[in-house]
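Q: The following file, entry_4.tsv, comprises TSV, C-alpha atoms:
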```tsv
chain	number	residue	atom	x	y	z
A	10	MET	CA	88.29	95.01	70.87
A	11	PRO	CA	87.06	98.61	71.19
A	12	ASP	CA	85.37	98.30	74.59
A	13	ALA	CA	87.64	95.67	76.11
A	14	VAL	CA	87.99	95.83	79.90
A	15	ILE	CA	90.40	92.89	80.12
A	16	GLU	CA	93.07	91.95	77.59
A	17	LEU	CA	95.60	89.14	77.83
A	18	SER	CA	98.22	88.99	75.08
A	19	ASN	CA	100.44	85.93	74.66
A	20	VAL	CA	100.67	85.24	78.40
A	21	TRP	CA	102.87	82.38	79.57
A	22	LYS	CA	103.46	80.99	83.04
A	23	VAL	CA	106.06	78.32	83.63
A	24	PHE	CA	106.82	77.39	87.23
A	25	GLY	CA	110.43	76.43	87.97
A	26	GLU	CA	114.01	77.63	87.92
A	27	SER	CA	114.43	77.01	84.18
A	28	ALA	CA	111.16	78.69	83.22
A	29	ASN	CA	112.53	80.77	80.33
A	30	ALA	CA	114.40	77.86	78.77
A	31	ALA	CA	111.35	75.63	79.12
A	32	MET	CA	109.11	78.27	77.55
A	33	GLU	CA	111.41	78.61	74.54
A	34	ALA	CA	111.48	74.84	74.15
A	35	VAL	CA	107.68	74.76	74.11
A	36	ARG	CA	107.64	77.51	71.48
A	37	GLU	CA	110.29	75.95	69.27
A	38	ARG	CA	109.66	72.24	69.72
A	39	GLY	CA	106.02	72.09	70.75
A	40	LEU	CA	106.68	70.28	74.04
A	41	GLY	CA	103.71	69.29	76.17
A	42	LYS	CA	103.33	69.55	79.96
A	43	ALA	CA	104.79	66.11	80.60
A	44	ASP	CA	107.80	66.85	78.35
A	45	VAL	CA	108.47	70.16	80.12
A	46	LEU	CA	108.39	68.48	83.52
A	47	ARG	CA	110.67	65.66	82.40
A	48	GLU	CA	113.27	67.79	80.57
A	49	PHE	CA	113.35	70.94	82.67
A	50	GLY	CA	111.74	70.05	85.98
A	51	CYS	CA	109.23	72.85	85.33
A	52	VAL	CA	105.43	72.95	85.35
A	53	LEU	CA	103.70	74.54	82.37
A	54	GLY	CA	100.87	76.58	83.88
A	55	ILE	CA	99.54	78.50	80.87
A	56	ALA	CA	100.94	78.75	77.36
A	57	ASP	CA	100.46	81.69	74.97
A	58	VAL	CA	97.03	82.68	76.30
A	59	SER	CA	95.29	85.61	74.59
A	60	PHE	CA	91.72	86.88	74.89
A	61	SER	CA	89.68	90.03	75.53
A	62	VAL	CA	86.60	90.58	77.69
A	63	GLU	CA	84.07	93.29	76.89
A	64	ARG	CA	82.49	95.64	79.38
A	65	GLY	CA	79.53	93.99	81.13
A	66	GLU	CA	80.37	90.53	79.75
A	67	ILE	CA	80.37	87.29	81.72
A	68	PHE	CA	83.35	85.45	80.23
A	69	CYS	CA	83.51	81.84	81.38
A	70	VAL	CA	86.77	79.89	81.34
A	71	MET	CA	86.40	76.15	81.70
A	72	GLY	CA	88.49	73.03	81.53
A	73	LEU	CA	89.43	69.96	83.50
A	74	SER	CA	91.52	70.09	86.66
A	75	GLY	CA	95.07	71.10	85.72
A	76	SER	CA	94.04	72.83	82.50
A	77	GLY	CA	95.40	76.20	83.74
A	78	LYS	CA	92.18	78.12	84.29
A	79	SER	CA	92.83	79.10	87.93
A	80	THR	CA	96.45	79.97	87.14
A	81	MET	CA	95.24	82.20	84.32
A	82	VAL	CA	92.68	84.14	86.37
A	83	ARG	CA	95.26	84.96	89.05
A	84	HIS	CA	97.25	86.87	86.45
A	85	LEU	CA	94.43	89.39	86.10
A	86	ASN	CA	95.03	90.88	89.55
A	87	ARG	CA	98.70	89.85	89.54
A	88	LEU	CA	98.52	87.30	92.30
A	89	ILE	CA	100.81	85.44	89.90
A	90	GLU	CA	103.57	87.06	87.84
A	91	PRO	CA	103.69	85.82	84.22
A	92	THR	CA	106.80	84.39	82.65
A	93	ALA	CA	106.00	86.40	79.50
A	94	GLY	CA	103.16	88.34	77.93
A	95	ALA	CA	100.99	91.39	78.65
A	96	VAL	CA	97.97	91.88	80.93
A	97	SER	CA	95.72	94.94	80.73
A	98	VAL	CA	92.74	95.52	83.03
A	99	LEU	CA	90.60	98.66	82.83
A	100	GLY	CA	93.12	100.26	80.53
A	101	GLN	CA	96.02	99.74	82.94
A	102	ASP	CA	99.11	97.65	82.33
A	103	ILE	CA	98.83	95.48	85.44
A	104	LEU	CA	102.43	94.33	85.15
A	105	ALA	CA	103.75	97.91	85.27
A	106	LEU	CA	102.00	98.88	88.52
A	107	GLY	CA	104.00	99.52	91.67
A	108	ASP	CA	103.02	97.93	94.98
A	109	ALA	CA	100.84	100.85	96.13
A	110	GLU	CA	99.07	101.13	92.77
A	111	LEU	CA	98.45	97.39	92.65
A	112	ARG	CA	96.96	97.43	96.16
A	113	GLU	CA	94.64	100.26	95.11
A	114	VAL	CA	93.46	98.32	92.04
A	115	ARG	CA	92.84	95.18	94.08
A	116	ALA	CA	91.03	97.09	96.81
A	117	ASN	CA	88.81	99.24	94.61
A	118	ARG	CA	88.56	97.99	91.06
A	119	ILE	CA	88.88	94.19	91.04
A	120	GLY	CA	86.89	91.89	93.31
A	121	MET	CA	87.58	88.17	93.67
A	122	VAL	CA	85.34	85.34	94.82
A	123	PHE	CA	86.90	81.94	95.52
A	124	GLN	CA	85.40	78.48	95.94
A	125	HIS	CA	86.45	78.55	99.61
A	126	MET	CA	85.45	81.96	100.86
A	127	ALA	CA	87.90	82.25	103.77
A	128	LEU	CA	85.39	84.26	105.77
A	129	LEU	CA	86.79	85.59	109.02
A	130	PRO	CA	85.29	83.25	111.67
A	131	HIS	CA	85.44	85.76	114.53
A	132	ARG	CA	83.57	88.46	112.59
A	133	THR	CA	79.85	88.69	112.02
A	134	VAL	CA	78.35	88.52	108.54
A	135	ARG	CA	78.03	92.31	108.51
A	136	ASP	CA	81.67	92.79	109.50
A	137	ASN	CA	82.88	90.23	106.97
A	138	VAL	CA	81.13	92.09	104.16
A	139	ALA	CA	82.40	95.44	105.44
A	140	PHE	CA	86.00	94.26	105.80
A	141	PRO	CA	87.24	95.58	102.39
A	142	LEU	CA	85.88	99.01	103.32
A	143	GLN	CA	87.61	98.86	106.70
A	144	VAL	CA	90.90	98.16	104.93
A	145	ARG	CA	90.24	101.26	102.82
A	146	GLY	CA	89.72	103.33	105.95
A	147	GLU	CA	86.01	104.02	105.47
A	148	PRO	CA	84.12	105.18	108.60
A	149	LYS	CA	82.00	102.62	110.43
A	150	SER	CA	78.69	104.23	109.48
A	151	ARG	CA	79.62	104.04	105.80
A	152	ARG	CA	80.86	100.44	106.13
A	153	TRP	CA	77.63	99.29	107.73
A	154	GLU	CA	75.49	101.15	105.22
A	155	VAL	CA	77.24	99.51	102.28
A	156	SER	CA	77.33	96.12	103.99
A	157	GLN	CA	73.59	96.22	104.58
A	158	ARG	CA	72.89	97.17	100.97
A	159	CYS	CA	75.05	94.31	99.67
A	160	LEU	CA	73.47	91.79	102.03
A	161	ASP	CA	70.03	92.90	100.88
A	162	ARG	CA	71.12	92.28	97.28
A	163	VAL	CA	72.07	88.66	98.02
A	164	ASN	CA	68.97	87.96	100.14
A	165	LEU	CA	70.72	87.78	103.51
A	166	THR	CA	68.72	90.43	105.30
A	167	GLY	CA	68.31	89.35	108.93
A	168	TYR	CA	71.59	87.44	109.10
A	169	GLU	CA	73.82	90.47	109.70
A	170	ASP	CA	74.78	89.50	113.26
A	171	ARG	CA	75.32	85.80	112.60
A	172	PHE	CA	78.77	84.25	112.41
A	173	PRO	CA	79.97	82.22	109.40
A	174	HIS	CA	79.74	78.87	111.21
A	175	GLU	CA	76.01	79.50	111.72
A	176	LEU	CA	75.36	79.67	107.97
A	177	SER	CA	74.93	76.99	105.31
A	178	GLY	CA	77.48	76.63	102.52
A	179	GLY	CA	75.26	78.48	100.07
A	180	MET	CA	74.73	81.33	102.50
A	181	GLN	CA	78.47	81.59	103.09
A	182	GLN	CA	78.97	81.91	99.33
A	183	ARG	CA	76.44	84.74	99.32
A	184	VAL	CA	78.41	86.48	102.05
A	185	GLY	CA	81.51	86.13	99.90
A	186	LEU	CA	79.72	87.60	96.90
A	187	ALA	CA	78.39	90.47	99.02
A	188	ARG	CA	81.93	91.11	100.31
A	189	ALA	CA	83.24	91.26	96.73
A	190	LEU	CA	80.47	93.69	95.78
A	191	ALA	CA	81.01	95.93	98.82
A	192	SER	CA	83.97	97.75	97.27
A	193	ASP	CA	81.91	98.23	94.07
A	194	PRO	CA	84.62	96.83	91.77
A	195	ASP	CA	84.45	97.23	88.00
A	196	VAL	CA	85.70	93.66	87.49
A	197	LEU	CA	84.77	90.43	89.27
A	198	LEU	CA	87.03	87.39	89.17
A	199	MET	CA	85.18	84.26	90.25
A	200	ASP	CA	87.13	81.03	90.68
A	201	GLU	CA	84.68	78.10	90.85
A	202	PRO	CA	82.57	79.92	93.46
A	203	PHE	CA	79.61	77.52	93.39
A	204	SER	CA	81.27	74.18	92.63
A	205	ALA	CA	81.10	72.78	96.19
A	206	LEU	CA	77.35	73.39	96.53
A	207	ASP	CA	74.35	71.12	96.05
A	208	PRO	CA	72.79	71.37	92.55
A	209	LEU	CA	69.64	73.22	93.63
A	210	ILE	CA	71.53	75.79	95.74
A	211	ARG	CA	74.06	76.15	92.96
A	212	ARG	CA	71.37	76.94	90.40
A	213	GLN	CA	69.77	79.49	92.72
A	214	LEU	CA	73.11	81.25	93.20
A	215	GLN	CA	73.75	81.21	89.46
A	216	ASP	CA	70.39	82.92	88.93
A	217	GLN	CA	71.17	85.47	91.62
A	218	PHE	CA	74.63	86.16	90.24
A	219	MET	CA	73.36	86.65	86.68
A	220	ALA	CA	70.69	89.08	87.87
A	221	LEU	CA	73.21	91.04	89.94
A	222	SER	CA	75.74	91.11	87.11
A	223	ALA	CA	73.17	92.53	84.70
A	224	GLU	CA	71.82	95.04	87.24
A	225	LEU	CA	75.25	96.30	88.30
A	226	ASP	CA	76.91	96.01	84.85
A	227	LYS	CA	79.88	94.09	86.18
A	228	THR	CA	82.53	92.61	83.91
A	229	THR	CA	83.20	89.07	85.08
A	230	VAL	CA	85.71	86.31	84.41
A	231	PHE	CA	84.08	83.16	85.77
A	232	ILE	CA	86.15	79.98	86.21
A	233	THR	CA	84.35	76.63	86.17
A	234	HIS	CA	84.92	72.99	85.31
A	235	ASP	CA	81.20	72.52	84.59
A	236	LEU	CA	80.13	73.09	80.98
A	237	ASP	CA	76.45	73.26	81.95
A	238	GLU	CA	77.26	76.15	84.29
A	239	ALA	CA	79.38	77.91	81.66
A	240	ILE	CA	76.65	77.59	79.05
A	241	ARG	CA	74.01	78.78	81.46
A	242	ILE	CA	75.70	81.97	82.62
A	243	GLY	CA	78.38	82.84	80.06
A	244	HIS	CA	78.06	85.30	77.21
A	245	ARG	CA	81.20	83.67	75.80
A	246	ILE	CA	83.20	80.62	76.85
A	247	ALA	CA	86.90	79.83	76.61
A	248	ILE	CA	87.88	76.15	76.74
A	249	MET	CA	91.34	75.40	78.17
A	250	ASN	CA	93.41	72.24	77.82
A	251	ASP	CA	96.98	71.72	79.08
A	252	GLY	CA	97.49	75.44	79.65
A	253	ARG	CA	96.24	76.58	76.26
A	254	ILE	CA	92.96	78.05	75.09
A	255	VAL	CA	91.63	75.75	72.37
A	256	GLN	CA	88.38	77.59	71.57
A	257	VAL	CA	86.58	80.82	72.43
A	258	GLY	CA	82.99	81.42	71.40
A	259	THR	CA	79.38	81.84	72.39
A	260	PRO	CA	77.66	78.84	73.97
A	261	GLU	CA	76.06	78.21	70.57
A	262	ASP	CA	79.48	78.26	68.86
A	263	ILE	CA	81.01	75.89	71.39
A	264	VAL	CA	78.18	73.36	71.25
A	265	THR	CA	77.48	73.37	67.52
A	266	ARG	CA	80.97	73.97	66.14
A	267	PRO	CA	83.52	72.37	68.51
A	268	ALA	CA	87.08	73.21	67.45
A	269	ASP	CA	88.57	69.77	68.10
A	270	GLY	CA	87.98	66.38	69.65
A	271	TYR	CA	88.67	67.66	73.16
A	272	VAL	CA	85.86	70.23	72.94
A	273	ARG	CA	83.64	67.75	71.11
A	274	ASP	CA	83.93	65.32	74.03
A	275	PHE	CA	82.92	68.10	76.42
A	276	VAL	CA	79.76	69.06	74.53
A	277	GLU	CA	78.66	65.59	73.43
A	278	GLY	CA	75.91	65.26	76.03
A	279	ILE	CA	74.70	68.88	75.99
A	280	SER	CA	71.16	69.52	74.74
A	281	LYS	CA	71.15	71.96	71.84
A	282	LEU	CA	67.49	72.94	72.08
A	283	ASN	CA	68.16	76.16	73.98
A	284	LEU	CA	71.51	76.90	72.33
A	285	VAL	CA	70.83	76.78	68.58
A	286	PHE	CA	68.94	79.71	67.10
A	287	ALA	CA	66.98	80.38	63.95
A	288	HIS	CA	69.66	82.60	62.43
A	289	SER	CA	72.11	79.66	62.55
A	290	ILE	CA	69.99	77.08	60.75
A	291	MET	CA	67.71	79.10	58.46
A	292	VAL	CA	68.06	79.11	54.69
A	293	PRO	CA	68.27	82.71	53.38
A	294	ILE	CA	64.95	83.54	51.84
A	295	ASP	CA	66.42	84.26	48.41
A	296	GLU	CA	68.17	80.85	48.41
A	297	PHE	CA	65.23	78.75	49.56
A	298	VAL	CA	64.15	76.14	47.00
A	299	PRO	CA	60.97	74.43	48.24
A	300	SER	CA	60.44	70.72	47.63
A	301	ARG	CA	56.72	71.45	47.20
A	302	PRO	CA	54.66	74.60	46.66
A	303	VAL	CA	54.56	76.87	49.71
A	304	ASP	CA	52.42	79.85	50.62
A	305	LEU	CA	54.65	82.19	52.61
A	306	ASP	CA	51.74	84.52	53.33
A	307	ARG	CA	50.15	81.81	55.47
A	308	SER	CA	53.40	80.76	57.14
A	309	PRO	CA	54.05	81.64	60.80
A	310	ARG	CA	56.82	84.13	61.59
A	311	ALA	CA	59.62	83.73	64.13
A	312	HIS	CA	62.35	86.16	65.14
A	313	HIS	CA	65.88	85.18	64.09
A	314	GLY	CA	66.80	84.81	67.79
A	315	SER	CA	64.19	82.10	68.42
A	316	ASP	CA	65.74	78.89	69.76
A	317	LEU	CA	65.07	75.33	68.64
A	318	ASN	CA	62.51	74.76	71.41
A	319	ARG	CA	60.42	77.63	70.08
A	320	LEU	CA	60.81	76.52	66.46
A	321	ILE	CA	59.82	72.93	67.31
A	322	ASP	CA	56.66	74.17	69.05
A	323	MET	CA	55.78	76.22	65.97
A	324	ALA	CA	56.54	73.40	63.54
A	325	THR	CA	54.26	70.97	65.36
A	326	ALA	CA	51.39	73.47	65.12
A	327	THR	CA	51.54	74.11	61.36
A	328	ASP	CA	51.96	72.36	58.02
A	329	HIS	CA	53.71	75.41	56.58
A	330	VAL	CA	57.36	76.41	56.65
A	331	ILE	CA	58.44	78.94	59.28
A	332	VAL	CA	59.48	82.35	57.98
A	333	ILE	CA	62.33	83.94	59.96
A	334	THR	CA	62.31	87.69	60.46
A	335	GLY	CA	65.04	90.18	61.23
A	336	ASP	CA	65.06	92.84	63.94
A	337	ASP	CA	63.17	95.19	61.60
A	338	GLY	CA	60.43	92.60	60.97
A	339	ALA	CA	61.52	91.89	57.38
A	340	ASP	CA	61.49	88.29	56.13
A	341	ILE	CA	65.10	87.05	55.94
A	342	GLY	CA	65.01	83.24	55.98
A	343	ILE	CA	63.10	79.97	55.97
A	344	VAL	CA	63.10	77.00	58.32
A	345	ASP	CA	61.37	73.90	57.00
A	346	ARG	CA	61.18	70.52	58.71
A	347	ALA	CA	64.35	69.18	57.10
A	348	THR	CA	66.29	72.26	58.19
A	349	LEU	CA	64.86	71.97	61.68
A	350	LEU	CA	65.94	68.33	62.00
A	351	LYS	CA	69.47	69.24	60.92
A	352	GLY	CA	69.44	71.98	63.53
A	353	ILE	CA	68.45	69.52	66.23
A	354	GLN	CA	71.45	67.42	65.22
A	355	GLY	CA	73.69	70.39	65.95
A	356	GLY	CA	73.49	73.10	63.32
A	357	LYS	CA	73.44	73.60	59.63
A	358	ALA	CA	74.59	70.57	57.67
```
For this file, write the structure as structure tokens.

A:
Amino acid sequence: MPDAVIELSNVWKVFGESANAAMEAVRERGLGKADVLREFGCVLGIADVSFSVERGEIFCVMGLSGSGKSTMVRHLNRLIEPTAGAVSVLGQDILALGDAELREVRANRIGMVFQHMALLPHRTVRDNVAFPLQVRGEPKSRRWEVSQRCLDRVNLTGYEDRFPHELSGGMQQRVGLARALASDPDVLLMDEPFSALDPLIRRQLQDQFMALSAELDKTTVFITHDLDEAIRIGHRIAIMNDGRIVQVGTPEDIVTRPADGYVRDFVEGISKLNLVFAHSIMVPIDEFVPSRPVDLDRSPRAHHGSDLNRLIDMATATDHVIVITGDDGADIGIVDRATLLKGIQGGKA
């Protein structure tokens, strides 16, 4: 990937004294997690994980508890050492860094936000946000300036002198996000940061995070067990099961073309109306064979990025087919009612 900020190549993590032997057994004999535990007394954390994340992308990793997603993300800033494989972040081989170099990367280039923020209870909100800068040796005036700017970004202006116990759970998460942003990292690692919050607060923080990510051009790996959350915020999604990645794709790919039964079970109840787009279901204009005469000059036009909701609204307002246009405005495809119904079912039949 030409503009990849993060690259994992064939990364394995097996916990236990016989990790290497267990890993080889998994490779050669295809053992599962239960087999590895029974035969070797080892826990298979992640198995042969590879993916890349582009600059500015929100890359969501999701799976059930125990699927390996949190173990995987801790390899990116080397909180966990892999059993095998390669990890590159911002063009650096993370596994080759010495202690001082690794501390510098963690302090300045990679920020992490956890589900439980571990805010310092004896420090004010301002001082919690400024803490990474204090560790770096920044002067107090600079720390407070940056802290204030970050708190403004997460809508906590006026709470600077409060202590964590005086804030709601959602506000504490905002403090944690502001703290991660204070060192202006290139990469954000977010491990289920909103999962303990009420649905409304969670959605508000998702909106705020997406806006900040776009504004600041941050590259983010976002861990979640909630497919709705992954679909809502992710540019691409990786689905993990038993330590392995079983599918990587856009939300549209994941929902309309699940790779196996495990992914299919995940997406079964997800509405496709905002996830399937005209370019996926249209018939190319030179292949369209109408069942009855059509007048394309009188047909409404829709951009190839229009979703099913938009196409349904258009279809209910006309008796004509819908002509799909490309970015240059040229006619490139047709959506008729039969095609639209197939799209509602989940994509092109």

Q: Sorted by chain and rising residue number, list the residues of stretch 81-176 of chain A at most 10 Å from stretch 198-209 of chain A (counting all atoms listed in the file), each with its closest atom pair and distance in Å to one decimal, as a Markdown table.

A:
```
| residue | atom | partner | partner_atom | distance |
| --- | --- | --- | --- | --- |
| A:Val82 | CA | A:Leu198 | CA | 7.1 |
| A:Arg83 | CA | A:Leu198 | CA | 8.6 |
| A:Leu85 | CA | A:Leu198 | CA | 8.3 |
| A:Asn86 | CA | A:Leu198 | CA | 8.7 |
| A:Ile119 | CA | A:Leu198 | CA | 7.3 |
| A:Gly120 | CA | A:Leu198 | CA | 6.1 |
| A:Met121 | CA | A:Leu198 | CA | 4.6 |
| A:Val122 | CA | A:Met199 | CA | 4.7 |
| A:Phe123 | CA | A:Asp200 | CA | 4.9 |
| A:Gln124 | CA | A:Pro202 | CA | 4.0 |
| A:His125 | CA | A:Pro202 | CA | 7.4 |
| A:Met126 | CA | A:Pro202 | CA | 8.2 |
```

Q: When you count all atoms listed in the file, which of these residues is closest to A:Phe218: A:Gly243, A:Gly50, A:Gly270, A:Gly41?

A: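 Of all the options, A:Gly243 lies closest to A:Phe218.
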
Q: Give the answer as one residue: which of A:Glu113, A:Asp193, A:Asp251, A:Glu261 has the shortest atom-to-atom distance to A:Thr80, using all atoms listed in the file?

A: A:Asp251

Q: Using all atoms listed in the file, which protein or nucleic acid residues come within 10 Å of A:Asp262? Drop anything in the same chain fewer than 2 positions from it, and give the result as a list in words.

A: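 That gives Arg245, Ile246, Gln256, Val257, Gly258, Thr259, Pro260, Val264, Thr265, Arg266, Pro267, Ala268, Leu284, Val285, Ser289 and Gly356 of chain A.
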
Q: Please measure the separation of atom CA of A:Ile67 and atom CA of A:Asp195, giving the value in Å to one decimal.

A: 12.4 Å

Q: Residues near stretch 325-328 of chain A, anyone? I mean within 10 Å using only C-alpha atoms, not counting same-chain ones fewer than 6 positions away, as a PyMOL selection string.

A: chain A and resi 303+307-309+345-346

Q: Can those selected residues be exported to a file as a PDB file, in the coordinates of the input so that it contains C-alpha atoms?

A:
```pdb
ATOM      1  CA  VAL A 303      54.560  76.870  49.710  1.00  0.00           C
ATOM      2  CA  ARG A 307      50.150  81.810  55.470  1.00  0.00           C
ATOM      3  CA  SER A 308      53.400  80.760  57.140  1.00  0.00           C
ATOM      4  CA  PRO A 309      54.050  81.640  60.800  1.00  0.00           C
ATOM      5  CA  ASP A 345      61.370  73.900  57.000  1.00  0.00           C
ATOM      6  CA  ARG A 346      61.180  70.520  58.710  1.00  0.00           C
TER       7      ARG A 346
END
```

Q: For A:Glu16, which residue among A:Arg152, A:Val230, A:Phe172, A:Glu147 is the nearest when counting all atoms listed in the file?

A: A:Val230

Q: Choose the residue, out of A:Asp136, A:Asp304, A:Glu224, A:Asp235, that has the smallest atom-to-atom separation from A:Ala191; count only C-alpha atoms.

A: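 Smallest distance to A:Ala191 is found for A:Asp136.
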
Q: Compute the distance from (73.3, 76.5, 103.3) to each atom, counting only C-alpha atoms, keep the residues with any atom at most 12 Å away, and return them as number ranges by chain; use the coordinates of the file.

A: A: 165, 173-184, 203, 205-211, 213-214

Q: Just to confirm, what's the straight-line distance from atom CA of A:Trp21 to atom CA of A:His234 in Å (one decimal)?

A: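 One can read the atom CA of A:Trp21 to atom CA of A:His234 distance as 21.1 Å.
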
Q: Given the point (87.7, 81.9, 75.6) in the coordinates of this file, which residues lie within 10 Å, counting all atoms listed in the file, and how would they look as a PyMOL selection string?

A: chain A and resi 58-62+68-71+245-249+254-259+263

Q: Only C-alpha atoms, please: the residues just picked out, written as a PDB file, in the coordinates of the input.

A:
```pdb
ATOM      1  CA  VAL A  58      97.030  82.680  76.300  1.00  0.00           C
ATOM      2  CA  SER A  59      95.290  85.610  74.590  1.00  0.00           C
ATOM      3  CA  PHE A  60      91.720  86.880  74.890  1.00  0.00           C
ATOM      4  CA  SER A  61      89.680  90.030  75.530  1.00  0.00           C
ATOM      5  CA  VAL A  62      86.600  90.580  77.690  1.00  0.00           C
ATOM      6  CA  PHE A  68      83.350  85.450  80.230  1.00  0.00           C
ATOM      7  CA  CYS A  69      83.510  81.840  81.380  1.00  0.00           C
ATOM      8  CA  VAL A  70      86.770  79.890  81.340  1.00  0.00           C
ATOM      9  CA  MET A  71      86.400  76.150  81.700  1.00  0.00           C
ATOM     10  CA  ARG A 245      81.200  83.670  75.800  1.00  0.00           C
ATOM     11  CA  ILE A 246      83.200  80.620  76.850  1.00  0.00           C
ATOM     12  CA  ALA A 247      86.900  79.830  76.610  1.00  0.00           C
ATOM     13  CA  ILE A 248      87.880  76.150  76.740  1.00  0.00           C
ATOM     14  CA  MET A 249      91.340  75.400  78.170  1.00  0.00           C
ATOM     15  CA  ILE A 254      92.960  78.050  75.090  1.00  0.00           C
ATOM     16  CA  VAL A 255      91.630  75.750  72.370  1.00  0.00           C
ATOM     17  CA  GLN A 256      88.380  77.590  71.570  1.00  0.00           C
ATOM     18  CA  VAL A 257      86.580  80.820  72.430  1.00  0.00           C
ATOM     19  CA  GLY A 258      82.990  81.420  71.400  1.00  0.00           C
ATOM     20  CA  THR A 259      79.380  81.840  72.390  1.00  0.00           C
ATOM     21  CA  ILE A 263      81.010  75.890  71.390  1.00  0.00           C
TER      22      ILE A 263
END
```

Q: Only C-alpha atoms needed: put stretch 17-30 of chain A from the block into a file as a PDB file, in the first residue's frame.

A:
```
ATOM      1  CA  LEU A  17       1.290  -5.751  10.077  1.00  0.00           C
ATOM      2  CA  SER A  18       2.804  -8.727   8.268  1.00  0.00           C
ATOM      3  CA  ASN A  19       2.100 -12.287   9.436  1.00  0.00           C
ATOM      4  CA  VAL A  20       2.020 -11.353  13.124  1.00  0.00           C
ATOM      5  CA  TRP A  21       1.559 -14.123  15.674  1.00  0.00           C
ATOM      6  CA  LYS A  22       1.202 -13.974  19.437  1.00  0.00           C
ATOM      7  CA  VAL A  23       1.117 -17.143  21.492  1.00  0.00           C
ATOM      8  CA  PHE A  24       1.213 -16.784  25.267  1.00  0.00           C
ATOM      9  CA  GLY A  25       3.066 -19.517  27.154  1.00  0.00           C
ATOM     10  CA  GLU A  26       6.401 -21.239  27.605  1.00  0.00           C
ATOM     11  CA  SER A  27       5.985 -23.417  24.500  1.00  0.00           C
ATOM     12  CA  ALA A  28       4.873 -20.553  22.265  1.00  0.00           C
ATOM     13  CA  ASN A  29       7.115 -21.374  19.292  1.00  0.00           C
ATOM     14  CA  ALA A  30       6.206 -25.055  19.277  1.00  0.00           C
TER      15      ALA A  30
END
```
